[in-house]
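*Asks:* Have a peek at my_file.tsv (TSV, C-alpha atoms and all ligand atoms).
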chain	number	residue	atom	x	y	z
A	1	MET	CA	162.67	121.60	93.90
A	2	ARG	CA	160.92	120.09	96.92
A	3	LYS	CA	157.19	119.54	96.56
A	4	THR	CA	154.69	120.67	99.20
A	5	LEU	CA	152.47	118.01	100.77
A	6	LEU	CA	149.56	118.35	103.21
A	7	VAL	CA	148.88	115.29	105.36
A	8	THR	CA	145.68	115.51	107.41
A	9	GLY	CA	145.72	113.59	110.68
A	10	ALA	CA	149.51	113.50	110.63
A	11	SER	CA	149.97	113.37	114.41
A	12	ALA	CA	149.58	109.58	114.69
A	13	GLY	CA	149.37	106.27	112.88
A	14	ILE	CA	149.21	106.13	109.09
A	15	GLY	CA	149.31	109.91	108.64
A	16	ALA	CA	152.40	110.25	110.82
A	17	ALA	CA	154.18	107.40	109.03
A	18	SER	CA	153.29	108.90	105.63
A	19	ALA	CA	154.55	112.34	106.66
A	20	ARG	CA	157.82	110.95	108.03
A	21	LEU	CA	158.45	108.95	104.85
A	22	ALA	CA	157.50	111.87	102.60
A	23	ALA	CA	160.07	114.07	104.32
A	24	THR	CA	162.79	111.61	103.30
A	25	ARG	CA	161.46	111.59	99.69
A	26	GLY	CA	161.82	115.30	99.02
A	27	TYR	CA	158.54	116.75	100.27
A	28	ASP	CA	158.05	119.79	102.47
A	29	LEU	CA	155.17	119.21	104.82
A	30	ILE	CA	152.07	120.63	106.37
A	31	VAL	CA	151.51	118.44	109.42
A	32	ASN	CA	147.81	118.72	110.26
A	33	TYR	CA	146.43	117.46	113.55
A	34	ASN	CA	143.34	118.00	115.68
A	35	SER	CA	144.13	117.27	119.34
A	36	ASP	CA	147.53	115.59	119.56
A	37	ARG	CA	149.95	118.54	119.47
A	38	ALA	CA	152.83	116.47	120.88
A	39	GLY	CA	152.39	113.85	118.16
A	40	ALA	CA	152.41	116.54	115.45
A	41	GLU	CA	155.53	118.14	116.94
A	42	ALA	CA	157.36	114.80	116.99
A	43	VAL	CA	156.51	114.23	113.31
A	44	ALA	CA	157.56	117.77	112.35
A	45	SER	CA	160.81	117.39	114.27
A	46	ASP	CA	161.65	114.13	112.46
A	47	ALA	CA	160.72	115.73	109.12
A	48	ARG	CA	163.04	118.67	109.76
A	49	ALA	CA	165.84	116.29	110.71
A	50	ALA	CA	165.32	114.68	107.29
A	51	GLY	CA	165.78	118.07	105.60
A	52	ALA	CA	162.14	119.06	105.09
A	53	ARG	CA	160.33	122.27	105.93
A	54	ALA	CA	157.47	121.36	108.24
A	55	LEU	CA	154.54	123.57	109.21
A	56	ILE	CA	152.40	122.27	112.06
A	57	CYS	CA	148.77	123.19	111.47
A	58	GLN	CA	145.97	122.47	113.93
A	59	ALA	CA	142.57	122.17	112.28
A	60	ASP	CA	139.54	120.06	113.08
A	61	VAL	CA	138.30	118.91	109.66
A	62	VAL	CA	134.74	118.93	111.03
A	63	ASP	CA	134.85	122.72	110.99
A	64	PRO	CA	134.88	124.40	107.54
A	65	GLU	CA	136.29	127.61	109.05
A	66	GLN	CA	139.26	125.74	110.47
A	67	ILE	CA	139.88	124.15	107.06
A	68	THR	CA	139.78	127.60	105.44
A	69	ALA	CA	142.20	128.94	108.05
A	70	MET	CA	144.58	126.03	107.50
A	71	PHE	CA	144.70	126.68	103.76
A	72	ALA	CA	145.23	130.39	104.36
A	73	ARG	CA	148.31	129.48	106.41
A	74	ILE	CA	149.51	127.14	103.65
A	75	ASP	CA	149.09	129.96	101.11
A	76	ALA	CA	150.99	132.37	103.34
A	77	GLU	CA	153.82	130.01	104.29
A	78	PHE	CA	154.34	127.96	101.11
A	79	GLY	CA	152.41	129.75	98.36
A	80	ARG	CA	151.58	126.44	96.69
A	81	LEU	CA	150.39	122.88	97.28
A	82	ASP	CA	151.50	119.92	95.16
A	83	ALA	CA	150.06	116.94	97.00
A	84	LEU	CA	147.51	115.87	99.60
A	85	VAL	CA	147.14	112.80	101.78
A	86	ASN	CA	143.53	112.95	102.94
A	87	ASN	CA	143.99	110.71	105.96
A	88	ALA	CA	142.21	112.15	109.03
A	89	GLY	CA	139.57	109.69	110.12
A	90	VAL	CA	137.84	107.98	113.03
A	91	VAL	CA	136.04	104.77	113.87
A	92	ASP	CA	133.59	104.35	116.74
A	93	GLN	CA	132.58	101.66	119.16
A	94	THR	CA	131.33	98.32	117.90
A	95	ALA	CA	127.58	98.64	117.37
A	96	ARG	CA	124.72	97.18	115.38
A	97	VAL	CA	122.65	99.40	113.10
A	98	THR	CA	119.87	99.43	115.69
A	99	ASP	CA	122.25	101.11	118.14
A	100	LEU	CA	123.42	103.92	115.84
A	101	THR	CA	122.54	107.45	116.90
A	102	HIS	CA	122.18	110.56	114.78
A	103	ALA	CA	125.01	112.21	116.73
A	104	ARG	CA	127.36	109.31	116.01
A	105	LEU	CA	126.48	109.29	112.29
A	106	ARG	CA	126.99	113.05	112.06
A	107	ARG	CA	130.44	112.84	113.64
A	108	MET	CA	131.49	109.89	111.46
A	109	PHE	CA	130.38	111.50	108.21
A	110	ASP	CA	131.48	115.02	109.18
A	111	ILE	CA	135.05	113.82	109.75
A	112	ASN	CA	135.48	110.92	107.33
A	113	VAL	CA	133.48	112.24	104.37
A	114	ILE	CA	132.56	115.94	104.47
A	115	GLY	CA	135.88	116.96	106.01
A	116	ALA	CA	137.81	114.94	103.45
A	117	ILE	CA	135.82	116.38	100.53
A	118	LEU	CA	136.23	119.97	101.76
A	119	VAL	CA	139.99	119.47	102.20
A	120	ALA	CA	140.24	117.97	98.71
A	121	LYS	CA	138.23	120.89	97.29
A	122	GLU	CA	140.68	123.42	98.73
A	123	ALA	CA	143.68	121.40	97.56
A	124	VAL	CA	142.34	120.94	94.03
A	125	SER	CA	141.50	124.62	93.62
A	126	ARG	CA	145.15	125.48	94.37
A	127	MET	CA	146.51	122.77	92.06
A	128	LEU	CA	144.25	123.98	89.23
A	129	ALA	CA	145.39	127.58	89.74
A	130	GLN	CA	149.05	126.52	89.72
A	131	GLY	CA	148.46	124.70	86.43
A	132	ASP	CA	151.15	122.03	86.80
A	133	GLY	CA	149.21	119.07	88.15
A	134	GLY	CA	149.20	117.37	91.51
A	135	ALA	CA	148.47	114.17	93.37
A	136	ILE	CA	145.89	113.25	96.00
A	137	VAL	CA	145.69	110.05	98.03
A	138	ASN	CA	142.49	109.49	99.99
A	139	ILE	CA	142.72	106.98	102.83
A	140	SER	CA	139.75	104.65	102.56
A	141	SER	CA	139.49	101.21	104.20
A	142	ALA	CA	138.90	97.57	103.33
A	143	ALA	CA	135.69	98.18	105.31
A	144	ALA	CA	134.35	99.93	102.17
A	145	ARG	CA	134.30	96.50	100.54
A	146	LEU	CA	133.63	94.31	103.60
A	147	GLY	CA	130.73	96.38	105.01
A	148	SER	CA	131.74	95.80	108.66
A	149	GLY	CA	128.42	94.27	109.72
A	150	ASN	CA	128.12	93.91	113.48
A	151	GLN	CA	131.12	96.22	113.91
A	152	TYR	CA	130.53	99.65	112.40
A	153	VAL	CA	128.58	99.79	109.15
A	154	ASP	CA	128.57	103.59	109.45
A	155	TYR	CA	132.35	103.64	109.19
A	156	ALA	CA	132.27	101.23	106.22
A	157	ALA	CA	129.68	103.43	104.48
A	158	SER	CA	131.78	106.53	105.08
A	159	LYS	CA	134.80	104.87	103.46
A	160	ALA	CA	132.73	103.62	100.50
A	161	ALA	CA	131.76	107.27	100.00
A	162	ILE	CA	135.45	108.17	99.89
A	163	ASP	CA	136.14	105.56	97.20
A	164	ILE	CA	133.44	106.81	94.86
A	165	PHE	CA	134.41	110.42	95.58
A	166	THR	CA	137.93	109.43	94.53
A	167	LYS	CA	136.61	108.13	91.20
A	168	GLY	CA	134.43	111.16	90.52
A	169	LEU	CA	137.05	113.72	91.47
A	170	SER	CA	139.72	111.89	89.47
A	171	ASP	CA	137.53	112.11	86.37
A	172	GLU	CA	137.00	115.84	86.91
A	173	VAL	CA	140.68	116.71	87.17
A	174	ALA	CA	142.50	114.04	85.15
A	175	GLY	CA	142.78	116.42	82.18
A	176	ASP	CA	144.60	118.86	84.45
A	177	ASN	CA	147.19	116.20	85.36
A	178	ILE	CA	145.91	115.95	88.90
A	179	ARG	CA	145.85	112.29	89.92
A	180	VAL	CA	143.43	111.11	92.62
A	181	ASN	CA	143.58	107.63	94.10
A	182	SER	CA	142.52	105.91	97.29
A	183	ILE	CA	144.14	103.28	99.47
A	184	ARG	CA	142.18	100.68	101.39
A	185	PRO	CA	144.27	99.63	104.38
A	186	GLY	CA	143.35	96.36	106.04
A	187	LEU	CA	143.97	95.67	109.72
A	188	ILE	CA	146.72	98.12	110.59
A	189	ASP	CA	148.39	98.30	113.97
A	190	THR	CA	147.62	101.88	115.10
A	191	ASP	CA	145.84	103.48	118.05
A	192	ILE	CA	142.61	103.94	116.05
A	193	HIS	CA	141.29	100.65	117.44
A	194	ALA	CA	141.86	101.76	121.05
A	195	LYS	CA	140.22	105.11	120.30
A	196	GLY	CA	137.20	103.12	119.03
A	197	GLY	CA	137.07	101.28	122.35
A	198	GLU	CA	138.82	98.04	121.37
A	199	PRO	CA	142.61	98.23	121.81
A	200	GLY	CA	143.24	94.61	120.80
A	201	ARG	CA	141.01	94.65	117.71
A	202	ALA	CA	143.71	94.39	115.03
A	203	ALA	CA	145.54	91.55	116.80
A	204	ARG	CA	142.26	89.74	117.59
A	205	LEU	CA	141.26	89.65	113.91
A	206	ALA	CA	144.73	88.98	112.47
A	207	HIS	CA	143.91	85.28	111.98
A	208	MET	CA	141.34	86.33	109.32
A	209	VAL	CA	144.07	87.87	107.18
A	210	PRO	CA	145.56	85.49	104.59
A	211	MET	CA	149.02	86.73	105.59
A	212	LYS	CA	148.11	85.97	109.23
A	213	ARG	CA	149.29	89.29	110.60
A	214	THR	CA	148.36	92.92	110.96
A	215	GLY	CA	149.97	95.53	108.76
A	216	SER	CA	152.04	98.48	109.93
A	217	ALA	CA	151.48	102.17	109.34
A	218	GLU	CA	154.82	102.17	107.52
A	219	GLU	CA	153.52	99.59	105.01
A	220	ILE	CA	150.61	101.91	104.20
A	221	ALA	CA	153.01	104.86	103.96
A	222	ASP	CA	155.01	102.98	101.30
A	223	ALA	CA	151.83	102.67	99.21
A	224	VAL	CA	150.95	106.33	99.80
A	225	LEU	CA	154.36	107.51	98.61
A	226	TYR	CA	154.12	105.30	95.53
A	227	LEU	CA	150.78	106.81	94.52
A	228	LEU	CA	152.08	110.34	95.11
A	229	SER	CA	155.20	109.69	93.04
A	230	ASP	CA	155.93	109.98	89.33
A	231	GLN	CA	156.21	106.18	89.31
A	232	ALA	CA	152.40	106.26	89.45
A	233	SER	CA	152.15	108.84	86.65
A	234	TYR	CA	149.48	106.86	84.74
A	235	VAL	CA	147.54	105.75	87.83
A	236	THR	CA	144.39	107.68	88.66
A	237	GLY	CA	140.83	106.99	89.79
A	238	THR	CA	141.85	103.68	91.31
A	239	VAL	CA	141.75	101.93	94.67
A	240	LEU	CA	144.85	100.23	95.99
A	241	GLU	CA	144.18	97.46	98.50
A	242	VAL	CA	146.90	97.08	101.14
A	243	THR	CA	145.35	94.35	103.26
A	244	GLY	CA	147.61	91.30	103.47
A	245	GLY	CA	145.14	89.65	101.11
A	246	ARG	CA	141.99	90.14	103.18
B	1	LIG	P1	144.96	107.09	114.29
B	1	LIG	O1	146.27	106.50	114.68
B	1	LIG	O2	143.85	107.16	115.28
B	1	LIG	O3	145.23	108.55	113.69
B	1	LIG	C1	144.14	109.32	113.26
B	1	LIG	C2	144.62	110.69	112.87
B	1	LIG	O4	143.49	111.42	112.40
B	1	LIG	C3	145.21	111.46	114.04
B	1	LIG	O5	146.31	112.21	113.59
B	1	LIG	C4	144.07	112.39	114.43
B	1	LIG	O6	144.50	113.64	114.96
B	1	LIG	C5	143.44	112.65	113.08
B	1	LIG	N1	142.07	113.12	113.22
B	1	LIG	C6	141.00	112.49	113.77
B	1	LIG	N2	139.93	113.29	113.76
B	1	LIG	C7	140.33	114.45	113.19
B	1	LIG	C8	139.68	115.67	112.92
B	1	LIG	N3	138.39	115.86	113.22
B	1	LIG	N4	140.40	116.67	112.32
B	1	LIG	C9	141.70	116.49	112.02
B	1	LIG	N5	142.38	115.36	112.28
B	1	LIG	C10	141.69	114.35	112.85
B	1	LIG	O7	144.34	106.31	113.04
B	1	LIG	P2	144.99	105.54	111.79
B	1	LIG	O8	144.79	104.09	112.03
B	1	LIG	O9	146.35	106.06	111.49
B	1	LIG	O10	143.95	105.98	110.67
B	1	LIG	C11	144.28	106.89	109.64
B	1	LIG	C12	143.30	106.66	108.50
B	1	LIG	O11	143.41	105.32	108.05
B	1	LIG	C13	141.83	106.88	108.89
B	1	LIG	O12	141.16	107.53	107.84
B	1	LIG	C14	141.32	105.45	109.05
B	1	LIG	O13	139.94	105.36	108.84
B	1	LIG	C15	142.13	104.72	107.99
B	1	LIG	N6	142.23	103.28	108.20
B	1	LIG	C16	142.86	102.76	109.29
B	1	LIG	C17	142.93	101.37	109.44
B	1	LIG	C18	143.58	100.72	110.63
B	1	LIG	O14	143.42	99.49	110.80
B	1	LIG	N7	144.36	101.44	111.44
B	1	LIG	C19	142.35	100.54	108.48
B	1	LIG	C20	141.72	101.10	107.39
B	1	LIG	C21	141.68	102.47	107.25
B	1	LIG	P3	144.59	113.97	116.55
B	1	LIG	O15	145.02	112.69	117.24
B	1	LIG	O16	145.60	115.07	116.60
B	1	LIG	O17	143.23	114.41	116.98
Let's see the structure in the file written out as structure tokens.
*Replies:*
Amino acid sequence: MRKTLLVTGASAGIGAASARLAATRGYDLIVNYNSDRAGAEAVASDARAAGARALICQADVVDPEQITAMFARIDAEFGRLDALVNNAGVVDQTARVTDLTHARLRRMFDINVIGAILVAKEAVSRMLAQGDGGAIVNISSAAARLGSGNQYVDYAASKAAIDIFTKGLSDEVAGDNIRVNSIRPGLIDTDIHAKGGEPGRAARLAHMVPMKRTGSAEEIADAVLYLLSDQASYVTGTVLEVTGGR
């Protein structure tokens, strides 16, 4: 039987690559997006071509009511949820701490932390009710370890929050056979850098990576699908670095 997987932020980048790969590995999909409807439709179309059911679901994870509405649709359309890739996230423009505004911090933490925790809460409550386990992968960042001084310490702090949330949640639900892990991507070639105001960021910093190159969204998707799979059946509460050694 195909499992049901929700990928947040599945319209682009790492989320889109994870959703596309999951469709080829036997998952039916909920393709969440916020603003990029065309991106979500392209992912859903590819997933269907791979034999998956795919429900496109717009929801801004900043808004608790939109999260609730998304899960109501999942309940109505699928009646269960087996797995979650908690991927939706943003960076912001390069800034020092002295330049950070309250509005920027609110947006960063509302999306990257509070949104992710609320989505995980809804997913876990369904997995617990189903009673047959589940798997969650939270997308963190190497920034959680590096701190991103002089770039965006707010982003780094938001991802460090995700890593410790991963540990705490995994402890809470391990006895229910729900595994919770996070992945720390390194410099990955997606549009997130352009959205943060620096299109060439990944390429500019590639020389700092021991492997001397950026990673691809597909290389992160491979790690995501491993952690979701039964091959990772004894892996929980951990952080997987996918950084080319950085
Ligand atoms: P991306 O290409 O910019 O994609 C971001 C995705 O998140 C999009 O689908 C976007 O949806 C969605 N999203 C953003 N805000 C949202 C919101 N409020 N509600 C729902 N969805 C929202 O970025 P990416 O590089 O793939 O990043 C994915 C994750 O990996 C993020 O958590 C990021 O922090 C993490 N990461 C990335 C890198 C990197 O180098 N690329 C490194 C480390 C960690 P719409 O476009 O539809 O609005």
*Asks:* Using only C-alpha atoms, which of A:Val7, A:Leu225, A:Val91, A:Val62 sits nearest Asp191 of chain A?
*Replies:* A:Val91
*Asks:* What is the atom CA of Val173 of chain A to atom CA of Ala83 of chain A distance in Å?
*Replies:*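 Pair atom CA of Val173 of chain A / atom CA of Ala83 of chain A returns 13.6 Å.
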*Asks:* I'd like to know which of A:Gly133, A:Gly215, A:Gly197, A:Gly237 is closest to ligand LIG 1 (chain B), using all atoms listed in the file.
*Replies:* A:Gly215
*Asks:* If we count all atoms listed in the file and set the cut-off at 9 Å, which residues sit around segment 30-46 of chain A, ignoring sequence neighbours fewer than 3 positions away in its own chain? Please answer as a ChimeraX atom specification.
*Replies:* /A:4-12,15-17,19-20,23,49-61,70,74,88
*Asks:* Which of these residues is nearest to Ala161 of chain A, using only C-alpha atoms: A:Gln93, A:Asn112, A:Gln231, A:Thr24?
*Replies:* A:Asn112
*Asks:* Which residue, A:Arg246, A:Arg73, A:Lys195, A:Arg104, has the smallest gap to ligand LIG 1 (chain B) when you use all atoms listed in the file?
*Replies:*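 So, comparing all the options, the nearest one is A:Lys195.
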*Asks:* Which residues come within 10 Å of Met127 of chain A, counting all atoms listed in the file, excluding same-chain residues fewer than 6 positions away, as an mmCIF file with C-alpha atoms, in the frame of the given file?
*Replies:*
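Listing of part.cif after writing:
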data_model
loop_
_atom_site.group_PDB
_atom_site.id
_atom_site.type_symbol
_atom_site.label_atom_id
_atom_site.label_comp_id
_atom_site.auth_asym_id
_atom_site.auth_seq_id
_atom_site.Cartn_x
_atom_site.Cartn_y
_atom_site.Cartn_z
ATOM 1 C CA ARG A 80 151.580 126.440 96.690
ATOM 2 C CA LEU A 81 150.390 122.880 97.280
ATOM 3 C CA ASP A 82 151.500 119.920 95.160
ATOM 4 C CA ALA A 83 150.060 116.940 97.000
ATOM 5 C CA LYS A 121 138.230 120.890 97.290
ATOM 6 C CA GLY A 133 149.210 119.070 88.150
ATOM 7 C CA GLY A 134 149.200 117.370 91.510
ATOM 8 C CA ALA A 135 148.470 114.170 93.370
ATOM 9 C CA VAL A 173 140.680 116.710 87.170
ATOM 10 C CA ASP A 176 144.600 118.860 84.450
ATOM 11 C CA ASN A 177 147.190 116.200 85.360
ATOM 12 C CA ILE A 178 145.910 115.950 88.900
#
*Asks:* What is the atom C16 of ligand LIG 1 (chain B) to atom CA of Asp92 of chain A distance in Å?
*Replies:*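 Taking atom C16 of ligand LIG 1 (chain B) as the start and atom CA of Asp92 of chain A as the end point, the length is 12.0 Å.
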*Asks:* When distances are computed from all atoms listed in the file, which of A:Leu21, A:Val242, A:Leu105, A:Ala160 shows the smallest separation from Ile188 of chain A?
*Replies:*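 Result for the nearest residue to Ile188 of chain A: A:Val242.
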*Asks:* Rounded to one decimal in Å, what is the spacing between atom CA of Ala232 of chain A and atom CA of Ser170 of chain A?
*Replies:*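 It comes out at 13.9 Å.
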